Amino acid sequence: MTTLNLSATTVARDATYRKIAWRLMPFLMLCYLCAYLDRVNVGFAKLQMMDDLALSETVYGLGAGIFFIGYFFFEVPSNLILHRVGARRWIARIMITWGLISGLFAFVETAWQFYLLRFFLGVAEAGLAPGLLLYLTYWFPSHRRARMTVLWFVAIPLSGMIGGPLSGWIMEAFAGFHGWAGWQWMFVLEAIPTMLMGFVVLMVLKDRVEQAPWLDESEKRMVRADLDEDNQQKAHHGTVKAFVADRRLWLLALIYFCVVMGQYALTFWLPTLVRNSGIREPLHIGLLTSLPYLCAIVFMLMAGRSGDRHRERRWHLIVPMAIGVVGLTLATSLGHSVPASLFFLCVAAAGILSASSLFWMLPTNLLGGVSAAAGIAAVNCIANLAGFFSPWLIGSITTATGSPASGIYFIAAVLLLGALCVLRIRAADVNR
């Protein structure tokens with residue numbers, strides 16, 4: 001009888017979390033897809049915008065990276081505000097303001113205007129990624145969250161799969177329409193869905209389990225009990241001094257810094273690497289850049305499921321990072337061959353983007369409560385400074401040498417360093 005009761009409880013619990021996943025995850029994925037599309041479409045605009053405005057590779061690299069300076073200063077405050085006022089209102093605010101700013105890129109004429117808008121785009125978007133990560137901790141306990149985190153992060157390669165061909169098509173089809181260049185139309189047309197989604201967030205999202213009308217009272221009690229038990233195993237810092245003194249937070253920031261260096265080398269330079277292999281038409285470049293992202297989706301889903309099934313977190317991060325190192329290195333060294341370059345770009349995307357999602361099982365398994373809100377944001381904002389250094393470094397090296405190869409090799413070495421640092425995290429602290 002006891003066995004039957006346990007079995008029935010397990011079935012009910014699994015059904016409840018499936019219901020939550022179906023209610024939340026497609027919508028959160030759509031929100032982040034819009035975010036990432038607006039963040040990285042500058043990589044496609046670069047194919048025309050730099051020539052039209054007579055801007056150098058260094059200007060592009062610096063402008064792409066300045067986004068993360070604004071992101072850095074405003075991310076922790078943003079996440080603390082979200083924790084206080086609720087995800088629904090704050091995520092809506094984030095999406096509407098950054099959609100407006102993204103559309104304004106169509107009017108850029110000088111390097112300083114480019115820099116300024118990239119900075120304010122970072123300010124506007126600060127808090128979205130850590131806010132959504134924090135939001136998942138309000139609904140899923142640790143041992144169910146890797147699959148959900150990976151599923152949400154699938155929006156990154158999806159944005160590449162959709163955004164690449166879409167951006168290439170817009171830039172070709174709308175070139176010269178009403179006197180605007182293709183890249184100007186791309187910024188405006190791709191900003192509209194983000195602003196619309198911001199208003200939808202206000203109508204759809206619920207802040208807490210207790211507010212969900214699609215869960216009955218027994219389901220709410222079950223989820224609340226699971227979350228309370230899960231939070232008892234997490235660190236809660238009593239003071240700011242204790243928070244800052246926690247060495248694990250700084251180690252986590254270093255690891256994710258290395259991951260982000262690889263992620264944005266791929267994100268901002270993938271269209272250029274494909275073009276350097278011999279492809280010239282923007283639409284063809286967009287179609288080919290979708291292949292690495294498709295491979296990443298498959299690998300991410302497999303890795304997330306494996307991590308939850310085995311309740312193992314460290315090697316499920318180290319292995320994808322090592323795969324990313326191999327892929328970036330060989331894609332660059334074999335860049336003269338379209339098939340070889342594309343194959344290893346697929347390998348690189350699968351490894352790096354899987355690492356980007358699986359990393360978040362470390363801080364979300366370590367921290368709870370307000371410490372989770374501040375810690376996730378702190379790790380993310382410090383690490384995302386790599387989003388500044390990665391494109392700026394590669395852009396500067398490309399301007400100096402005429403090729404991005406040396407910069408990409410350096411990024412691969414940084415990614416390898418990050419994989420080795422993961423071993424300094426105690427398995428007992430995160431394997432849940």
# chains A, B, ... in the order shown; residues from 1 in each chain; ligands from 1
call {"tool": "residues_around", "arguments": {"residues": "Arg145 of chain A", "least_positions_apart": "2", "cutoff": "10 Å", "atoms": "only C-alpha atoms", "output": "list in words"}}
result
Leu133, Leu136, Thr137, Trp139, Phe140, Pro141, Ser142, His143, Arg147, Met148, Thr149, Val150, Leu151, Gly304, Arg305, Gly307, Asp308, Leu358, Trp360, Met361, Thr364 and Asn365 of chain A
call {"tool": "write_last_selection", "arguments": {"atoms": "N, CA, C and O atoms", "output": "JSON list (two decimals), in the first residue's frame"}}
result
[["chain", "number", "residue", "atom", "x", "y", "z"],
["A", 133, "LEU", "N", 16.02, 33.54, -14.86],
["A", 133, "LEU", "CA", 16.64, 32.43, -14.12],
["A", 133, "LEU", "C", 16.11, 32.39, -12.68],
["A", 133, "LEU", "O", 15.80, 31.32, -12.16],
["A", 136, "LEU", "N", 12.58, 30.98, -12.57],
["A", 136, "LEU", "CA", 12.48, 29.52, -12.61],
["A", 136, "LEU", "C", 12.62, 28.91, -11.22],
["A", 136, "LEU", "O", 12.01, 27.86, -10.94],
["A", 137, "THR", "N", 13.41, 29.54, -10.34],
["A", 137, "THR", "CA", 13.57, 29.00, -8.98],
["A", 137, "THR", "C", 12.29, 29.16, -8.17],
["A", 137, "THR", "O", 12.15, 28.53, -7.12],
["A", 139, "TRP", "N", 9.43, 28.25, -9.29],
["A", 139, "TRP", "CA", 8.49, 27.26, -9.79],
["A", 139, "TRP", "C", 9.03, 25.82, -9.81],
["A", 139, "TRP", "O", 8.25, 24.88, -9.76],
["A", 140, "PHE", "N", 10.36, 25.67, -9.92],
["A", 140, "PHE", "CA", 10.95, 24.34, -10.06],
["A", 140, "PHE", "C", 12.04, 24.12, -9.02],
["A", 140, "PHE", "O", 12.94, 24.98, -8.89],
["A", 141, "PRO", "N", 12.05, 22.98, -8.30],
["A", 141, "PRO", "CA", 13.18, 22.65, -7.40],
["A", 141, "PRO", "C", 14.42, 22.29, -8.21],
["A", 141, "PRO", "O", 14.35, 22.05, -9.42],
["A", 142, "SER", "N", 15.56, 22.22, -7.53],
["A", 142, "SER", "CA", 16.85, 22.06, -8.21],
["A", 142, "SER", "C", 16.90, 20.87, -9.15],
["A", 142, "SER", "O", 17.40, 20.96, -10.27],
["A", 143, "HIS", "N", 16.40, 19.71, -8.69],
["A", 143, "HIS", "CA", 16.57, 18.49, -9.49],
["A", 143, "HIS", "C", 15.68, 18.45, -10.72],
["A", 143, "HIS", "O", 15.80, 17.54, -11.54],
["A", 147, "ARG", "N", 16.66, 20.82, -16.97],
["A", 147, "ARG", "CA", 15.91, 20.69, -18.23],
["A", 147, "ARG", "C", 15.16, 21.98, -18.56],
["A", 147, "ARG", "O", 15.08, 22.38, -19.73],
["A", 148, "MET", "N", 14.59, 22.61, -17.52],
["A", 148, "MET", "CA", 13.86, 23.85, -17.76],
["A", 148, "MET", "C", 14.80, 24.98, -18.18],
["A", 148, "MET", "O", 14.48, 25.77, -19.07],
["A", 149, "THR", "N", 15.96, 25.05, -17.52],
["A", 149, "THR", "CA", 16.94, 26.08, -17.86],
["A", 149, "THR", "C", 17.44, 25.90, -19.28],
["A", 149, "THR", "O", 17.53, 26.86, -20.07],
["A", 150, "VAL", "N", 17.76, 24.65, -19.63],
["A", 150, "VAL", "CA", 18.22, 24.37, -21.00],
["A", 150, "VAL", "C", 17.11, 24.68, -22.00],
["A", 150, "VAL", "O", 17.36, 25.27, -23.06],
["A", 151, "LEU", "N", 15.88, 24.29, -21.66],
["A", 151, "LEU", "CA", 14.76, 24.54, -22.57],
["A", 151, "LEU", "C", 14.60, 26.03, -22.82],
["A", 151, "LEU", "O", 14.37, 26.47, -23.95],
["A", 304, "GLY", "N", 20.89, 18.61, -21.00],
["A", 304, "GLY", "CA", 20.04, 18.99, -19.88],
["A", 304, "GLY", "C", 19.31, 17.80, -19.28],
["A", 304, "GLY", "O", 19.23, 17.66, -18.05],
["A", 305, "ARG", "N", 18.79, 16.93, -20.13],
["A", 305, "ARG", "CA", 18.11, 15.73, -19.65],
["A", 305, "ARG", "C", 19.09, 14.82, -18.90],
["A", 305, "ARG", "O", 18.77, 14.28, -17.84],
["A", 307, "GLY", "N", 21.85, 15.73, -17.33],
["A", 307, "GLY", "CA", 22.24, 16.34, -16.06],
["A", 307, "GLY", "C", 21.22, 16.10, -14.97],
["A", 307, "GLY", "O", 21.57, 15.80, -13.82],
["A", 308, "ASP", "N", 19.92, 16.22, -15.30],
["A", 308, "ASP", "CA", 18.87, 15.97, -14.31],
["A", 308, "ASP", "C", 18.77, 14.49, -13.95],
["A", 308, "ASP", "O", 18.57, 14.13, -12.79],
["A", 358, "LEU", "N", 23.87, 25.14, -19.01],
["A", 358, "LEU", "CA", 24.13, 24.20, -17.91],
["A", 358, "LEU", "C", 24.90, 24.86, -16.76],
["A", 358, "LEU", "O", 24.81, 24.41, -15.62],
["A", 360, "TRP", "N", 24.19, 27.46, -15.24],
["A", 360, "TRP", "CA", 23.30, 28.07, -14.27],
["A", 360, "TRP", "C", 22.76, 27.10, -13.24],
["A", 360, "TRP", "O", 22.14, 27.52, -12.26],
["A", 361, "MET", "N", 23.03, 25.81, -13.41],
["A", 361, "MET", "CA", 22.68, 24.88, -12.35],
["A", 361, "MET", "C", 23.60, 25.02, -11.15],
["A", 361, "MET", "O", 23.25, 24.63, -10.04],
["A", 364, "THR", "N", 22.23, 28.43, -9.06],
["A", 364, "THR", "CA", 20.85, 28.24, -8.59],
["A", 364, "THR", "C", 20.75, 27.07, -7.62],
["A", 364, "THR", "O", 19.80, 26.99, -6.84],
["A", 365, "ASN", "N", 21.69, 26.14, -7.65],
["A", 365, "ASN", "CA", 21.72, 25.06, -6.67],
["A", 365, "ASN", "C", 22.42, 25.48, -5.38],
["A", 365, "ASN", "O", 22.21, 24.88, -4.32]]
call {"tool": "residues_around", "arguments": {"residues": "Met161 of chain A", "least_positions_apart": "6", "cutoff": "7 Å", "atoms": "only C-alpha atoms", "output": "count of residues only"}}
result
3
call {"tool": "closest_residue", "arguments": {"among": "A:Arg313, A:His336, A:Lys46, A:His83", "to": "Ala146 of chain A", "atoms": "only C-alpha atoms"}}
result
A:Arg313
call {"tool": "residues_around", "arguments": {"residues": "segment 378-389 of chain A", "least_positions_apart": "4", "cutoff": "7 Å", "atoms": "only C-alpha atoms", "output": "JSON, numbers by chain"}}
result
{"A": [65, 66, 68, 69, 71, 72, 75, 76, 130, 249, 252, 253, 254, 256, 257, 260, 261, 264, 374, 393]}
call {"tool": "write_last_selection", "arguments": {"atoms": "N, CA, C and O atoms", "output": "JSON list (two decimals), in the first residue's frame"}}
result
[["chain", "number", "residue", "atom", "x", "y", "z"],
["A", 65, "GLY", "N", 30.50, 45.58, -27.75],
["A", 65, "GLY", "CA", 30.83, 45.29, -26.36],
["A", 65, "GLY", "C", 30.30, 46.29, -25.37],
["A", 65, "GLY", "O", 30.04, 45.94, -24.20],
["A", 66, "ILE", "N", 30.11, 47.55, -25.78],
["A", 66, "ILE", "CA", 29.64, 48.59, -24.85],
["A", 66, "ILE", "C", 28.28, 48.24, -24.27],
["A", 66, "ILE", "O", 27.94, 48.65, -23.15],
["A", 68, "PHE", "N", 27.48, 45.70, -22.82],
["A", 68, "PHE", "CA", 27.66, 44.99, -21.56],
["A", 68, "PHE", "C", 28.16, 45.88, -20.43],
["A", 68, "PHE", "O", 28.12, 45.48, -19.27],
["A", 69, "ILE", "N", 28.61, 47.09, -20.77],
["A", 69, "ILE", "CA", 28.96, 48.05, -19.70],
["A", 69, "ILE", "C", 27.68, 48.53, -19.02],
["A", 69, "ILE", "O", 27.56, 48.54, -17.79],
["A", 71, "TYR", "N", 24.88, 46.95, -19.08],
["A", 71, "TYR", "CA", 24.36, 45.71, -18.48],
["A", 71, "TYR", "C", 24.98, 45.49, -17.11],
["A", 71, "TYR", "O", 24.30, 45.13, -16.15],
["A", 72, "PHE", "N", 26.31, 45.72, -17.01],
["A", 72, "PHE", "CA", 27.05, 45.46, -15.78],
["A", 72, "PHE", "C", 26.55, 46.33, -14.63],
["A", 72, "PHE", "O", 26.31, 45.84, -13.52],
["A", 75, "GLU", "N", 22.48, 45.50, -13.64],
["A", 75, "GLU", "CA", 21.88, 44.17, -13.55],
["A", 75, "GLU", "C", 21.48, 43.78, -12.13],
["A", 75, "GLU", "O", 20.37, 43.30, -11.90],
["A", 76, "VAL", "N", 22.37, 43.96, -11.16],
["A", 76, "VAL", "CA", 22.03, 43.59, -9.78],
["A", 76, "VAL", "C", 20.85, 44.42, -9.26],
["A", 76, "VAL", "O", 19.89, 43.85, -8.72],
["A", 130, "PRO", "N", 19.06, 37.16, -15.78],
["A", 130, "PRO", "CA", 19.06, 36.68, -14.39],
["A", 130, "PRO", "C", 17.67, 36.72, -13.78],
["A", 130, "PRO", "O", 17.36, 35.92, -12.90],
["A", 249, "LEU", "N", 31.15, 32.65, -5.14],
["A", 249, "LEU", "CA", 30.52, 33.57, -6.10],
["A", 249, "LEU", "C", 31.54, 34.10, -7.10],
["A", 249, "LEU", "O", 31.26, 34.20, -8.30],
["A", 252, "LEU", "N", 32.44, 31.32, -9.49],
["A", 252, "LEU", "CA", 31.36, 31.15, -10.46],
["A", 252, "LEU", "C", 31.39, 32.25, -11.52],
["A", 252, "LEU", "O", 31.21, 31.99, -12.71],
["A", 253, "ALA", "N", 31.67, 33.49, -11.09],
["A", 253, "ALA", "CA", 31.75, 34.60, -12.05],
["A", 253, "ALA", "C", 32.89, 34.39, -13.03],
["A", 253, "ALA", "O", 32.76, 34.67, -14.23],
["A", 254, "LEU", "N", 34.03, 33.88, -12.54],
["A", 254, "LEU", "CA", 35.17, 33.62, -13.43],
["A", 254, "LEU", "C", 34.82, 32.54, -14.45],
["A", 254, "LEU", "O", 35.13, 32.68, -15.64],
["A", 256, "TYR", "N", 31.86, 31.63, -15.56],
["A", 256, "TYR", "CA", 30.90, 32.09, -16.56],
["A", 256, "TYR", "C", 31.48, 33.17, -17.46],
["A", 256, "TYR", "O", 31.09, 33.29, -18.62],
["A", 257, "PHE", "N", 32.43, 33.95, -16.93],
["A", 257, "PHE", "CA", 33.14, 34.91, -17.78],
["A", 257, "PHE", "C", 33.79, 34.18, -18.95],
["A", 257, "PHE", "O", 33.71, 34.63, -20.11],
["A", 260, "VAL", "N", 31.12, 33.03, -21.42],
["A", 260, "VAL", "CA", 30.56, 34.14, -22.20],
["A", 260, "VAL", "C", 31.55, 34.66, -23.24],
["A", 260, "VAL", "O", 31.16, 35.09, -24.32],
["A", 261, "MET", "N", 32.85, 34.61, -22.93],
["A", 261, "MET", "CA", 33.85, 34.97, -23.94],
["A", 261, "MET", "C", 33.66, 34.12, -25.20],
["A", 261, "MET", "O", 33.70, 34.62, -26.33],
["A", 264, "TYR", "N", 30.02, 34.90, -27.03],
["A", 264, "TYR", "CA", 29.89, 36.10, -27.85],
["A", 264, "TYR", "C", 30.89, 36.16, -28.99],
["A", 264, "TYR", "O", 30.67, 36.87, -29.97],
["A", 374, "ALA", "N", 20.38, 38.36, -5.76],
["A", 374, "ALA", "CA", 21.59, 39.16, -5.89],
["A", 374, "ALA", "C", 22.72, 38.34, -6.50],
["A", 374, "ALA", "O", 23.48, 38.84, -7.33],
["A", 393, "LEU", "N", 38.11, 42.72, -28.30],
["A", 393, "LEU", "CA", 39.41, 42.07, -28.52],
["A", 393, "LEU", "C", 39.52, 41.53, -29.93],
["A", 393, "LEU", "O", 40.51, 41.80, -30.63]]
call {"tool": "atom_distance", "arguments": {"atom1": "atom CA of Leu270 of chain A", "atom2": "atom CA of Asp51 of chain A"}}
result
18.3 Å
call {"tool": "atom_distance", "arguments": {"atom1": "atom CA of Val274 of chain A", "atom2": "atom CA of Glu172 of chain A"}}
result
17.3 Å
call {"tool": "closest_residue", "arguments": {"among": "A:Val59, A:Ala322, A:Ile162, A:Ala181", "to": "Leu288 of chain A", "atoms": "only C-alpha atoms"}}
result
A:Ile162
call {"tool": "atom_distance", "arguments": {"atom1": "atom CA of Ser390 of chain A", "atom2": "atom CA of Ala331 of chain A"}}
result
17.2 Å
call {"tool": "residues_around", "arguments": {"residues": "segment 213-224 of chain A", "least_positions_apart": "2", "cutoff": "9 Å", "atoms": "only C-alpha atoms", "output": "CSV table (one decimal) with all heavy atoms, in the first residue's frame"}}
result
chain,number,residue,atom,x,y,z
A,12,ALA,N,1.5,12.1,-9.7
A,12,ALA,CA,0.8,13.4,-9.5
A,12,ALA,C,1.9,14.6,-9.5
A,12,ALA,O,1.6,15.6,-10.2
A,12,ALA,CB,0.1,13.5,-8.2
A,13,ARG,N,3.0,14.4,-8.9
A,13,ARG,CA,4.0,15.4,-8.9
A,13,ARG,C,4.6,15.7,-10.3
A,13,ARG,O,4.7,16.8,-10.7
A,13,ARG,CB,5.2,15.0,-7.9
A,13,ARG,CG,6.3,16.0,-7.8
A,13,ARG,CD,7.2,15.6,-6.7
A,13,ARG,NE,6.8,16.2,-5.4
A,13,ARG,CZ,6.3,15.5,-4.4
A,13,ARG,NH1,6.1,14.2,-4.5
A,13,ARG,NH2,5.9,16.1,-3.3
A,16,THR,N,2.1,17.6,-12.3
A,16,THR,CA,2.0,19.0,-11.9
A,16,THR,C,3.1,19.8,-12.6
A,16,THR,O,2.9,20.9,-13.1
A,16,THR,CB,2.1,19.1,-10.4
A,16,THR,OG1,1.0,18.4,-9.8
A,16,THR,CG2,2.0,20.6,-10.0
A,17,TYR,N,4.4,19.2,-12.5
A,17,TYR,CA,5.5,20.0,-13.1
A,17,TYR,C,5.4,20.0,-14.6
A,17,TYR,O,5.9,21.0,-15.2
A,17,TYR,CB,6.8,19.4,-12.6
A,17,TYR,CG,7.1,19.8,-11.2
A,17,TYR,CD1,7.0,18.9,-10.1
A,17,TYR,CD2,7.4,21.1,-10.8
A,17,TYR,CE1,7.3,19.3,-8.8
A,17,TYR,CE2,7.6,21.5,-9.5
A,17,TYR,CZ,7.6,20.6,-8.5
A,17,TYR,OH,7.8,21.0,-7.2
A,19,LYS,N,2.6,20.3,-16.2
A,19,LYS,CA,1.6,21.4,-16.4
A,19,LYS,C,2.3,22.7,-16.3
A,19,LYS,O,2.0,23.6,-17.1
A,19,LYS,CB,0.5,21.2,-15.4
A,19,LYS,CG,-0.6,22.2,-15.6
A,19,LYS,CD,-1.6,22.3,-14.5
A,19,LYS,CE,-2.4,21.0,-14.4
A,19,LYS,NZ,-3.5,21.1,-13.3
A,20,ILE,N,3.1,22.9,-15.3
A,20,ILE,CA,3.8,24.2,-15.1
A,20,ILE,C,4.7,24.5,-16.3
A,20,ILE,O,4.8,25.6,-16.8
A,20,ILE,CB,4.6,24.2,-13.8
A,20,ILE,CG1,3.7,24.1,-12.6
A,20,ILE,CG2,5.5,25.4,-13.7
A,20,ILE,CD1,4.4,23.9,-11.2
A,23,ARG,N,2.9,25.6,-19.3
A,23,ARG,CA,2.3,26.9,-19.1
A,23,ARG,C,3.4,28.0,-19.3
A,23,ARG,O,3.1,29.1,-19.8
A,23,ARG,CB,1.6,27.0,-17.8
A,23,ARG,CG,0.3,26.3,-17.7
A,23,ARG,CD,-0.8,27.2,-18.3
A,23,ARG,NE,-2.1,26.6,-18.2
A,23,ARG,CZ,-3.2,27.3,-18.5
A,23,ARG,NH1,-3.2,28.5,-18.8
A,23,ARG,NH2,-4.4,26.7,-18.3
A,138,TYR,N,11.4,30.0,-8.6
A,138,TYR,CA,10.1,30.2,-7.9
A,138,TYR,C,9.1,29.1,-8.3
A,138,TYR,O,8.0,28.9,-7.6
A,138,TYR,CB,9.4,31.5,-8.3
A,138,TYR,CG,10.2,32.7,-7.9
A,138,TYR,CD1,9.9,34.0,-8.5
A,138,TYR,CD2,11.2,32.7,-6.9
A,138,TYR,CE1,10.6,35.1,-8.2
A,138,TYR,CE2,11.9,33.9,-6.6
A,138,TYR,CZ,11.6,35.1,-7.2
A,138,TYR,OH,12.3,36.2,-6.9
A,139,TRP,N,9.4,28.3,-9.3
A,139,TRP,CA,8.5,27.3,-9.8
A,139,TRP,C,9.0,25.8,-9.8
A,139,TRP,O,8.2,24.9,-9.8
A,139,TRP,CB,8.1,27.6,-11.2
A,139,TRP,CG,7.3,28.9,-11.3
A,139,TRP,CD1,7.8,30.2,-11.4
A,139,TRP,CD2,5.9,29.1,-11.3
A,139,TRP,NE1,6.8,31.1,-11.4
A,139,TRP,CE2,5.6,30.5,-11.3
A,139,TRP,CE3,4.8,28.2,-11.2
A,139,TRP,CZ2,4.3,31.0,-11.3
A,139,TRP,CZ3,3.5,28.7,-11.2
A,139,TRP,CH2,3.3,30.1,-11.2
A,140,PHE,N,10.4,25.7,-9.9
A,140,PHE,CA,10.9,24.3,-10.1
A,140,PHE,C,12.0,24.1,-9.0
A,140,PHE,O,12.9,25.0,-8.9
A,140,PHE,CB,11.6,24.2,-11.5
A,140,PHE,CG,10.6,24.3,-12.6
A,140,PHE,CD1,10.4,25.5,-13.3
A,140,PHE,CD2,9.8,23.2,-13.0
A,140,PHE,CE1,9.5,25.6,-14.3
A,140,PHE,CE2,8.9,23.3,-14.0
A,140,PHE,CZ,8.7,24.5,-14.7
A,141,PRO,N,12.1,23.0,-8.3
A,141,PRO,CA,13.2,22.7,-7.4
A,141,PRO,C,14.4,22.3,-8.2
A,141,PRO,O,14.3,22.1,-9.4
A,141,PRO,CB,12.7,21.4,-6.6
A,141,PRO,CG,11.6,20.8,-7.5
A,141,PRO,CD,11.0,22.0,-8.3
A,209,VAL,N,3.7,30.7,-7.5
A,209,VAL,CA,2.8,29.5,-7.6
A,209,VAL,C,1.5,29.8,-7.0
A,209,VAL,O,0.4,29.4,-7.6
A,209,VAL,CB,3.5,28.4,-6.8
A,209,VAL,CG1,2.6,27.2,-6.7
A,209,VAL,CG2,4.8,28.0,-7.4
A,210,GLU,N,1.4,30.5,-5.9
A,210,GLU,CA,0.1,30.8,-5.3
A,210,GLU,C,-0.9,31.5,-6.1
A,210,GLU,O,-2.1,31.5,-5.9
A,210,GLU,CB,0.3,31.5,-3.9
A,210,GLU,CG,1.0,30.7,-2.9
A,210,GLU,CD,2.5,30.6,-3.1
A,210,GLU,OE1,3.0,31.3,-3.9
A,210,GLU,OE2,3.1,29.8,-2.3
A,211,GLN,N,-0.4,32.3,-7.1
A,211,GLN,CA,-1.2,33.1,-8.0
A,211,GLN,C,-1.7,32.4,-9.3
A,211,GLN,O,-2.4,33.0,-10.1
A,211,GLN,CB,-0.5,34.4,-8.4
A,211,GLN,CG,-0.1,35.2,-7.2
A,211,GLN,CD,0.8,36.4,-7.6
A,211,GLN,OE1,1.2,36.5,-8.8
A,211,GLN,NE2,1.2,37.2,-6.7
A,226,ASP,N,7.9,21.4,-2.0
A,226,ASP,CA,9.1,21.0,-2.7
A,226,ASP,C,10.1,22.2,-2.7
A,226,ASP,O,11.3,22.0,-2.5
A,226,ASP,CB,8.8,20.6,-4.2
A,226,ASP,CG,8.2,19.2,-4.3
A,226,ASP,OD1,8.1,18.5,-3.3
A,226,ASP,OD2,7.7,18.9,-5.4
A,227,LEU,N,9.6,23.3,-3.0
A,227,LEU,CA,10.5,24.5,-3.1
A,227,LEU,C,11.1,24.9,-1.7
A,227,LEU,O,12.2,25.2,-1.6
A,227,LEU,CB,9.7,25.7,-3.7
A,227,LEU,CG,9.3,25.6,-5.1
A,227,LEU,CD1,8.4,26.8,-5.5
A,227,LEU,CD2,10.5,25.5,-6.1
A,228,ASP,N,10.2,24.8,-0.7
A,228,ASP,CA,10.7,25.1,0.7
A,228,ASP,C,11.8,24.1,1.1
A,228,ASP,O,12.8,24.5,1.7
A,228,ASP,CB,9.5,25.0,1.7
A,228,ASP,CG,8.6,26.2,1.5
A,228,ASP,OD1,9.0,27.2,0.9
A,228,ASP,OD2,7.4,26.1,2.0
A,229,GLU,N,11.6,22.8,0.8
A,229,GLU,CA,12.6,21.8,1.1
A,229,GLU,C,13.9,22.1,0.4
A,229,GLU,O,15.0,22.0,0.9
A,229,GLU,CB,12.1,20.4,0.8
A,229,GLU,CG,13.1,19.3,1.2
A,229,GLU,CD,12.6,17.9,0.8
A,229,GLU,OE1,11.4,17.8,0.3
A,229,GLU,OE2,13.3,16.9,0.9
call {"tool": "closest_residue", "arguments": {"among": "A:Leu62, A:Ile96, A:Val347, A:Leu353", "to": "Val200 of chain A", "atoms": "only C-alpha atoms"}}
result
A:Ile96
call {"tool": "residues_around", "arguments": {"residues": "Leu116 of chain A", "least_positions_apart": "4", "cutoff": "9 Å", "atoms": "only C-alpha atoms", "output": "ChimeraX atom specification"}}
result
/A:63,66-67,111-112,120-121
call {"tool": "closest_residue", "arguments": {"among": "A:Leu47, A:Leu158, A:Pro77, A:Arg314", "to": "Leu423 of chain A", "atoms": "only C-alpha atoms"}}
result
A:Arg314
call {"tool": "closest_residue", "arguments": {"among": "A:Leu328, A:Ala349, A:Val338, A:Met50", "to": "Leu415 of chain A", "atoms": "only C-alpha atoms"}}
result
A:Leu328
call {"tool": "decode", "arguments": {"residues": "segment 92-134 of chain A", "atoms": "C-alpha atoms", "output": "tab-separated table (two decimals), in the first residue's frame"}}
result
chain	number	residue	atom	x	y	z
A	92	ALA	CA	7.34	43.85	-19.16
A	93	ARG	CA	9.19	47.11	-18.44
A	94	ILE	CA	12.47	45.61	-19.59
A	95	MET	CA	11.07	44.32	-22.90
A	96	ILE	CA	9.19	47.49	-23.87
A	97	THR	CA	12.11	49.85	-23.21
A	98	TRP	CA	14.75	47.78	-24.95
A	99	GLY	CA	12.45	47.22	-27.95
A	100	LEU	CA	12.15	50.99	-28.38
A	101	ILE	CA	15.92	51.48	-28.13
A	102	SER	CA	16.65	48.65	-30.55
A	103	GLY	CA	14.45	50.29	-33.19
A	104	LEU	CA	16.36	53.57	-32.81
A	105	PHE	CA	19.49	51.92	-34.28
A	106	ALA	CA	17.95	52.54	-37.70
A	107	PHE	CA	18.81	56.24	-37.24
A	108	VAL	CA	22.50	55.79	-36.33
A	109	GLU	CA	24.88	57.91	-38.43
A	110	THR	CA	28.09	58.18	-36.34
A	111	ALA	CA	30.27	55.96	-34.17
A	112	TRP	CA	29.26	57.88	-31.03
A	113	GLN	CA	25.56	57.39	-31.73
A	114	PHE	CA	26.27	53.68	-32.19
A	115	TYR	CA	28.16	53.53	-28.88
A	116	LEU	CA	25.46	55.48	-27.00
A	117	LEU	CA	22.56	53.34	-28.18
A	118	ARG	CA	24.47	50.10	-27.47
A	119	PHE	CA	25.12	51.32	-23.92
A	120	PHE	CA	21.46	52.21	-23.29
A	121	LEU	CA	20.33	48.93	-24.86
A	122	GLY	CA	22.41	47.18	-22.17
A	123	VAL	CA	20.87	49.37	-19.46
A	124	ALA	CA	17.35	48.60	-20.72
A	125	GLU	CA	17.88	44.84	-20.97
A	126	ALA	CA	19.81	44.48	-17.68
A	127	GLY	CA	18.07	42.01	-15.44
A	128	LEU	CA	16.14	40.01	-18.04
A	129	ALA	CA	18.37	36.90	-18.16
A	130	PRO	CA	19.06	36.68	-14.39
A	131	GLY	CA	15.47	37.69	-13.73
A	132	LEU	CA	14.13	34.78	-15.76
A	133	LEU	CA	16.64	32.43	-14.12
A	134	LEU	CA	15.46	33.63	-10.71
